[in-house]
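upload25.txt follows; it contains compact mmCIF, C-alpha atoms.
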```
# COMPACT_ATOMS: atom_id res chain seq x y z
CA MET O 9 118.55 68.72 104.93
CA GLN O 10 115.44 68.74 107.11
CA THR O 11 112.61 71.06 106.10
CA LEU O 12 110.45 73.09 108.48
CA TYR O 13 107.00 73.92 107.10
CA ILE O 14 105.47 77.06 108.58
CA ALA O 15 102.68 79.51 107.82
CA ASN O 16 102.61 83.33 107.83
CA LYS O 17 105.22 84.78 110.16
CA ASN O 18 102.84 87.59 111.00
CA TYR O 19 100.22 85.25 112.45
CA SER O 20 101.62 81.79 113.16
CA SER O 21 102.73 81.61 116.77
CA TRP O 22 103.01 77.82 116.58
CA SER O 23 105.39 78.08 113.62
CA LEU O 24 107.62 80.52 115.48
CA ARG O 25 108.43 78.04 118.25
CA PRO O 26 110.56 75.50 116.32
CA TRP O 27 111.81 78.16 113.89
CA ILE O 28 113.31 80.34 116.63
CA LEU O 29 114.62 77.31 118.50
CA MET O 30 116.49 76.00 115.47
CA ARG O 31 117.79 79.45 114.54
CA GLU O 32 119.08 80.22 118.02
CA LEU O 33 120.73 76.81 118.38
CA GLY O 34 122.26 76.89 114.91
CA ILE O 35 120.39 73.80 113.69
CA ALA O 36 120.35 73.82 109.89
CA PHE O 37 117.02 73.57 108.10
CA ALA O 38 115.26 74.64 104.94
CA GLU O 39 112.24 76.87 105.47
CA GLU O 40 109.02 76.27 103.53
CA LEU O 41 106.39 78.95 104.12
CA VAL O 42 102.83 78.11 103.01
CA PRO O 43 100.47 81.07 103.66
CA PHE O 44 97.07 80.75 105.29
CA GLU O 45 94.20 80.91 102.81
CA GLY O 46 91.03 80.85 104.86
CA ALA O 47 89.05 77.63 105.23
CA SER O 48 91.15 75.74 102.69
CA ASN O 49 94.22 75.53 104.92
CA ARG O 50 93.74 71.97 106.10
CA ASP O 51 93.52 70.47 102.64
CA ARG O 52 96.59 72.38 101.42
CA PHE O 53 98.63 71.71 104.55
CA ARG O 54 97.80 68.01 104.38
CA ARG O 55 100.27 67.86 101.50
CA PHE O 56 103.08 67.87 104.08
CA SER O 57 101.40 67.55 107.49
CA PRO O 58 99.19 64.62 108.59
CA THR O 59 97.04 66.94 110.72
CA GLY O 60 96.77 69.68 108.11
CA LYS O 61 98.41 72.08 110.56
CA VAL O 62 101.73 73.87 111.00
CA PRO O 63 104.48 73.62 112.02
CA CYS O 64 105.70 70.37 110.54
CA LEU O 65 109.28 69.13 110.34
CA VAL O 66 110.23 66.71 107.56
CA ASP O 67 113.58 64.99 108.02
CA GLY O 68 114.04 62.46 105.24
CA ALA O 69 111.51 59.68 105.82
CA THR O 70 110.53 61.11 109.23
CA THR O 71 107.67 63.60 109.65
CA VAL O 72 107.14 65.37 112.98
CA TRP O 73 103.97 67.45 113.04
CA ASP O 74 103.67 69.18 116.42
CA SER O 75 105.81 71.95 117.92
CA LEU O 76 106.44 70.16 121.20
CA ALA O 77 107.16 66.90 119.40
CA ILE O 78 109.57 68.77 117.12
CA ALA O 79 111.41 70.11 120.17
CA GLU O 80 111.75 66.62 121.61
CA TYR O 81 112.84 65.20 118.23
CA LEU O 82 115.53 67.85 117.98
CA ALA O 83 116.60 67.22 121.58
CA GLU O 84 117.44 63.62 120.67
CA ARG O 85 119.85 64.89 118.01
CA HIS O 86 121.21 68.22 119.24
CA ALA O 87 122.60 69.51 122.52
CA GLY O 88 121.07 72.58 124.13
CA VAL O 89 117.39 72.12 123.29
CA TRP O 90 116.78 71.53 127.00
CA PRO O 91 119.05 72.59 129.89
CA ALA O 92 121.84 70.21 130.92
CA ASP O 93 120.98 70.55 134.61
CA ALA O 94 118.31 67.99 135.59
CA GLN O 95 116.25 70.33 137.74
CA ALA O 96 116.34 73.12 135.18
CA ARG O 97 115.47 70.62 132.45
CA ALA O 98 112.43 69.33 134.32
CA TRP O 99 111.24 72.88 135.01
CA ALA O 100 111.79 73.93 131.40
CA ARG O 101 109.81 70.97 130.10
CA CYS O 102 106.94 71.80 132.46
CA ALA O 103 106.99 75.45 131.41
CA ALA O 104 106.95 74.58 127.71
CA SER O 105 104.16 72.04 128.19
CA GLU O 106 102.10 74.57 130.14
CA MET O 107 102.37 77.02 127.26
CA HIS O 108 101.60 74.29 124.74
CA ALA O 109 98.39 73.27 126.46
CA GLY O 110 97.21 76.36 128.29
CA PHE O 111 96.71 80.14 128.27
CA ALA O 112 93.47 79.91 126.29
CA ALA O 113 92.38 83.44 127.18
CA LEU O 114 95.64 84.95 125.95
CA ARG O 115 95.28 83.09 122.65
CA ALA O 116 91.64 84.13 122.25
CA CYS O 117 92.00 87.79 123.22
CA CYS O 118 95.47 88.49 121.84
CA SER O 119 96.07 86.39 118.74
CA MET O 120 99.55 86.88 117.31
CA ASN O 121 99.77 89.63 114.73
CA CYS O 122 103.32 90.98 114.75
CA GLY O 123 102.69 94.00 112.57
CA VAL O 124 99.91 95.76 114.45
CA ARG O 125 99.48 97.73 117.63
CA VAL O 126 96.10 97.31 119.32
CA ARG O 127 94.37 98.83 122.32
CA LEU O 128 92.27 96.11 123.91
CA ASN O 129 88.61 96.85 124.55
CA ARG O 130 89.00 95.29 127.98
CA VAL O 131 91.27 92.98 129.95
CA ALA O 132 88.93 90.17 130.95
CA PRO O 133 89.54 88.38 134.26
CA GLU O 134 90.59 85.24 132.39
CA LEU O 135 93.19 87.19 130.41
CA ARG O 136 94.45 88.90 133.54
CA GLN O 137 94.81 85.48 135.18
CA ASP O 138 96.86 84.22 132.22
CA LEU O 139 99.12 87.28 132.34
CA GLU O 140 99.63 86.90 136.08
CA ARG O 141 100.61 83.27 135.59
CA ILE O 142 103.08 84.17 132.82
CA ASP O 143 104.54 86.86 135.05
CA GLU O 144 104.86 84.39 137.91
CA LEU O 145 106.38 81.66 135.76
CA TRP O 146 108.92 83.92 134.02
CA SER O 147 110.00 85.49 137.29
CA GLU O 148 110.34 82.08 138.95
CA GLY O 149 112.51 80.72 136.17
CA MET O 150 114.89 83.66 136.11
CA GLN O 151 115.17 83.88 139.89
CA ARG O 152 115.61 80.14 140.33
CA PHE O 153 118.11 79.54 137.52
CA GLY O 154 119.83 82.92 137.35
CA GLY O 155 118.73 84.14 133.92
CA PRO O 156 118.92 85.88 131.58
CA PHE O 157 116.77 83.16 129.98
CA LEU O 158 114.01 81.15 131.61
CA ALA O 159 116.09 78.14 132.61
CA GLY O 160 119.54 79.69 132.93
CA THR O 161 122.21 81.36 130.85
CA ALA O 162 121.29 79.77 127.50
CA PHE O 163 118.27 79.98 125.21
CA THR O 164 116.33 76.69 125.27
CA ALA O 165 113.01 75.29 124.11
CA ALA O 166 111.34 76.89 127.13
CA ASP O 167 112.21 80.32 125.74
CA ALA O 168 111.16 79.29 122.24
CA PHE O 169 107.69 78.37 123.47
CA TYR O 170 107.21 81.79 125.05
CA ALA O 171 108.68 83.77 122.15
CA PRO O 172 105.21 84.34 120.61
CA VAL O 173 104.08 85.83 123.93
CA ALA O 174 106.74 88.52 123.58
CA PHE O 175 105.21 89.55 120.26
CA ARG O 176 101.75 89.59 121.85
CA ILE O 177 103.01 91.82 124.65
CA GLN O 178 104.41 94.20 122.04
CA SER O 179 101.32 94.22 119.84
CA TYR O 180 98.79 94.69 122.65
CA GLU O 181 100.95 96.63 125.13
CA LEU O 182 100.24 94.09 127.87
CA SER O 183 101.38 95.00 131.37
CA LEU O 184 103.83 92.84 133.29
CA THR O 185 106.11 93.36 136.27
CA PRO O 186 109.48 94.97 135.43
CA GLU O 187 111.41 91.68 135.59
CA ALA O 188 109.01 89.87 133.25
CA ALA O 189 108.75 92.87 130.92
CA ALA O 190 112.55 93.00 130.68
CA TYR O 191 112.63 89.32 129.73
CA ALA O 192 110.10 89.95 126.95
CA GLN O 193 112.32 92.72 125.64
CA ARG O 194 115.34 90.40 125.69
CA LEU O 195 113.45 87.94 123.52
CA LEU O 196 112.39 90.68 121.10
CA ALA O 197 116.01 91.87 120.84
CA LEU O 198 117.34 88.49 119.71
CA GLY O 199 118.68 88.58 116.17
CA SER O 200 116.45 85.68 115.13
CA MET O 201 113.37 87.36 116.59
CA GLN O 202 114.18 90.58 114.76
CA ARG O 203 114.57 88.67 111.52
CA TRP O 204 111.19 86.96 112.01
CA TYR O 205 109.58 90.32 112.78
CA GLU O 206 111.09 92.08 109.76
CA GLU O 207 110.01 89.28 107.45
CA ALA O 208 106.53 89.28 109.00
CA LEU O 209 106.17 92.99 108.24
CA ARG O 210 107.11 92.40 104.60
CA GLU O 211 104.52 89.67 104.02
CA PRO O 212 101.91 90.82 101.48
CA TRP O 213 99.19 88.37 102.54
CA ARG O 214 96.18 89.01 104.75
CA ASP O 215 94.04 86.26 106.23
CA ALA O 216 90.46 87.34 106.91
CA ALA O 217 89.97 85.12 109.94
CA HIS O 218 93.11 86.40 111.68
CA GLU O 219 92.29 90.01 110.82
CA ALA O 220 88.77 89.58 112.25
CA GLU O 221 90.28 88.49 115.56
CA ILE O 222 92.01 91.86 115.83
CA GLU O 223 88.75 93.72 115.21
CA GLN O 224 87.03 91.71 117.92
CA SER O 225 89.76 92.31 120.49
CA GLY O 226 90.17 96.05 120.34
CA ALA O 227 90.96 99.20 118.40
CA LEU O 228 93.70 99.12 115.77
CA LEU O 229 96.16 101.91 116.58
CA ASN O 230 98.88 101.23 114.03
CA ASP O 231 99.55 98.79 111.20
CA ARG O 232 103.24 98.56 110.36
CA ARG O 233 102.94 95.92 107.65
CA LEU O 234 103.62 96.22 103.96
CA VAL O 235 100.53 97.23 102.00
CA ALA O 236 98.54 94.08 101.27
CA LEU O 237 98.19 92.65 97.80
```

Can I see the file as structure tokens?
Amino acid sequence: MQTLYIANKNYSSWSLRPWILMRELGIAFAEELVPFEGASNRDRFRRFSPTGKVPCLVDGATTVWDSLAIAEYLAERHAGVWPADAQARAWARCAASEMHAGFAALRACCSMNCGVRVRLNRVAPELRQDLERIDELWSEGMQRFGGPFLAGTAFTAADAFYAPVAFRIQSYELSLTPEAAAYAQRLLALGSMQRWYEEALREPWRDAAHEAEIEQSGALLNDRRLVAL
């Protein structure tokens, strides 16, 4: 069986992408969680990942070490990773690639931390621009392809790539238009997303670098996680 290496569910937005995709599509895999441990992550992660980063999928003699590459690798072997319709498929690939390469302000100001609720110190213009683009993109996808998911009736890799954004919206109470906000809630209500969230809350680890990002972004209102070790 193929093995998906991930890091902390509370923090690792990149790990969530292939994990939720495989769960929602019923693709069997073994999960191997290796927690973040400060500056030593690269050396430890190099045991299974050439880049020293997560996620990384190991399928026999084949190693795939990037979330977008993992999606494409899975698409060659399983139906449903991308939409069947050619236009929807092209749009979904563009949307996933845009998330993969962009939204730097959202990443910097609102790092994923599933278990906390934070009031931002400010919404910088760059962050507002990212949120407006997400709103625009989500609304376009659902209006163009009929919803309830981004590229039509079924969950695809496009939705998987924006799943971490739904957690960010929840943690930082980010404002979106009603249609986009409803889509975020649909993602959060998925059984696989709820499982990820519940397991994230139970994690006993804390990573100083990720916790410092929260302190820099705003005021901590609520921490719903298990007491740290």

Please identify all polymer residues within 7 Å of range 120-124 of chain O, counting all atoms listed in the file, omitting same-chain residues fewer than 5 positions from it, and present them as a short mmCIF file (atom, residue, chain, number, x, y, z; two decimals) with C-alpha atoms, keeping the file's coordinate frame.
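Contents of the output file around.cif:
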```cif
data_model
loop_
_atom_site.label_atom_id
_atom_site.label_comp_id
_atom_site.auth_asym_id
_atom_site.auth_seq_id
_atom_site.Cartn_x
_atom_site.Cartn_y
_atom_site.Cartn_z
CA ASN O 18 102.84 87.59 111.00
CA TYR O 19 100.22 85.25 112.45
CA SER O 20 101.62 81.79 113.16
CA SER O 21 102.73 81.61 116.77
CA PHE O 175 105.21 89.55 120.26
CA ARG O 176 101.75 89.59 121.85
CA SER O 179 101.32 94.22 119.84
CA TYR O 205 109.58 90.32 112.78
CA ALA O 208 106.53 89.28 109.00
CA LEU O 209 106.17 92.99 108.24
CA ASN O 230 98.88 101.23 114.03
CA ASP O 231 99.55 98.79 111.20
CA ARG O 232 103.24 98.56 110.36
CA ARG O 233 102.94 95.92 107.65
#
```

- prompt: Closest to Ala79 in chain O among O:Ser23, O:Ser119, O:Gln224, O:Ser48, using all atoms listed in the file?
  reply: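 Of O:Ser23, O:Ser119, O:Gln224, O:Ser48, the one nearest Ala79 in chain O, counting all atoms listed in the file, is O:Ser23.
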
message: Give me the residues near Ala189 in chain O as a list in words, where near means some atom within 10 Å (using all atoms listed in the file) and where sequence neighbours in that chain fewer than 4 positions away do not count.
response: Asp143, Trp146, Ser147, Ala174, Ile177, Gln178, Leu182, Ser183, Leu184, Thr185, Gln193 and Arg194 of chain O

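With only C-alpha atoms as the atoms that count, the residue of O:Leu139, O:Ala100, O:Leu158, O:Ile14 with the shortest distance to Ile28 in chain O is O:Ile14.
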
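Proximity of O:Leu128, O:Leu24, O:Ala47, O:Ala96 to Thr161 in chain O, computed with only C-alpha atoms, is greatest for O:Ala96.
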
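Between CA of Ile142 in chain O and CA of Pro26 in chain O the separation is 20.1 Å.
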
Is it possible to get the residues within 9 Å of (93.4, 85.1, 104.1) (coordinates as in the file, counting only C-alpha atoms) written as a compact mmCIF listing (two decimals) with C-alpha atoms, in the frame of the given file?
```
# COMPACT_ATOMS: atom_id res chain seq x y z
CA PRO O 43 100.47 81.07 103.66
CA PHE O 44 97.07 80.75 105.29
CA GLU O 45 94.20 80.91 102.81
CA GLY O 46 91.03 80.85 104.86
CA ALA O 47 89.05 77.63 105.23
CA TRP O 213 99.19 88.37 102.54
CA ARG O 214 96.18 89.01 104.75
CA ASP O 215 94.04 86.26 106.23
CA ALA O 216 90.46 87.34 106.91
CA ALA O 217 89.97 85.12 109.94
CA HIS O 218 93.11 86.40 111.68
CA GLU O 219 92.29 90.01 110.82
```

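If all atoms listed in the file are the atoms counted, then among O:Asn16, O:Glu134, O:Ile35, O:Glu148 the closest residue to Ala83 in chain O is O:Ile35.
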
task: Would you please work out which residue, of O:Leu76, O:Ala36, O:Ala188, O:Ala69, is nearest to Gly155 in chain O when using only C-alpha atoms?
output: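 Closest residue, counting only C-alpha atoms: O:Ala188.
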
field: Among listed residues O:Glu221, O:Ala103, O:Asn49, O:Gly68, nearest Glu144 in chain O (using only C-alpha atoms)
entry: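 Answer, going by the shortest atom-to-atom distance: O:Ala103.
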
For Thr11 in chain O, please output as a CSV table (one decimal) with C-alpha atoms, keeping the file's coordinate frame all residues within 9 Å (counting all atoms listed in the file; exclusion window: fewer than 4 positions along the same chain).
```csv
chain,number,residue,atom,x,y,z
O,37,PHE,CA,117.0,73.6,108.1
O,38,ALA,CA,115.3,74.6,104.9
O,39,GLU,CA,112.2,76.9,105.5
O,40,GLU,CA,109.0,76.3,103.5
O,64,CYS,CA,105.7,70.4,110.5
O,65,LEU,CA,109.3,69.1,110.3
O,66,VAL,CA,110.2,66.7,107.6
O,67,ASP,CA,113.6,65.0,108.0
O,68,GLY,CA,114.0,62.5,105.2
```

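Here CA of Gly154 in chain O is placed at a distance of 13.4 Å from CA of Trp99 in chain O.
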
Can you report as AutoDock Vina command-line options the centre and edge lengths in Å, to one decimal, of an axis-aligned box around the listed atoms of range 192-209 of chain O padded with 3 Å on each side?
```
--center_x 112.4 --center_y 89.3 --center_z 117.2 --size_x 18.5 --size_y 13.3 --size_z 25.5
```

message: As an exercise, work out the distance from CA of Val42 in chain O to CA of Ala15 in chain O in Å and give it to one decimal place.
response: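 Between CA of Val42 in chain O and CA of Ala15 in chain O the gap works out to 5.0 Å.
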
message: Please list as a VMD selection string every residue within 8 Å of Trp90 in chain O, counting only C-alpha atoms and excluding residues in the same chain fewer than 4 positions away.
response: chain O and resid 83 97 100 to 101 164 to 166
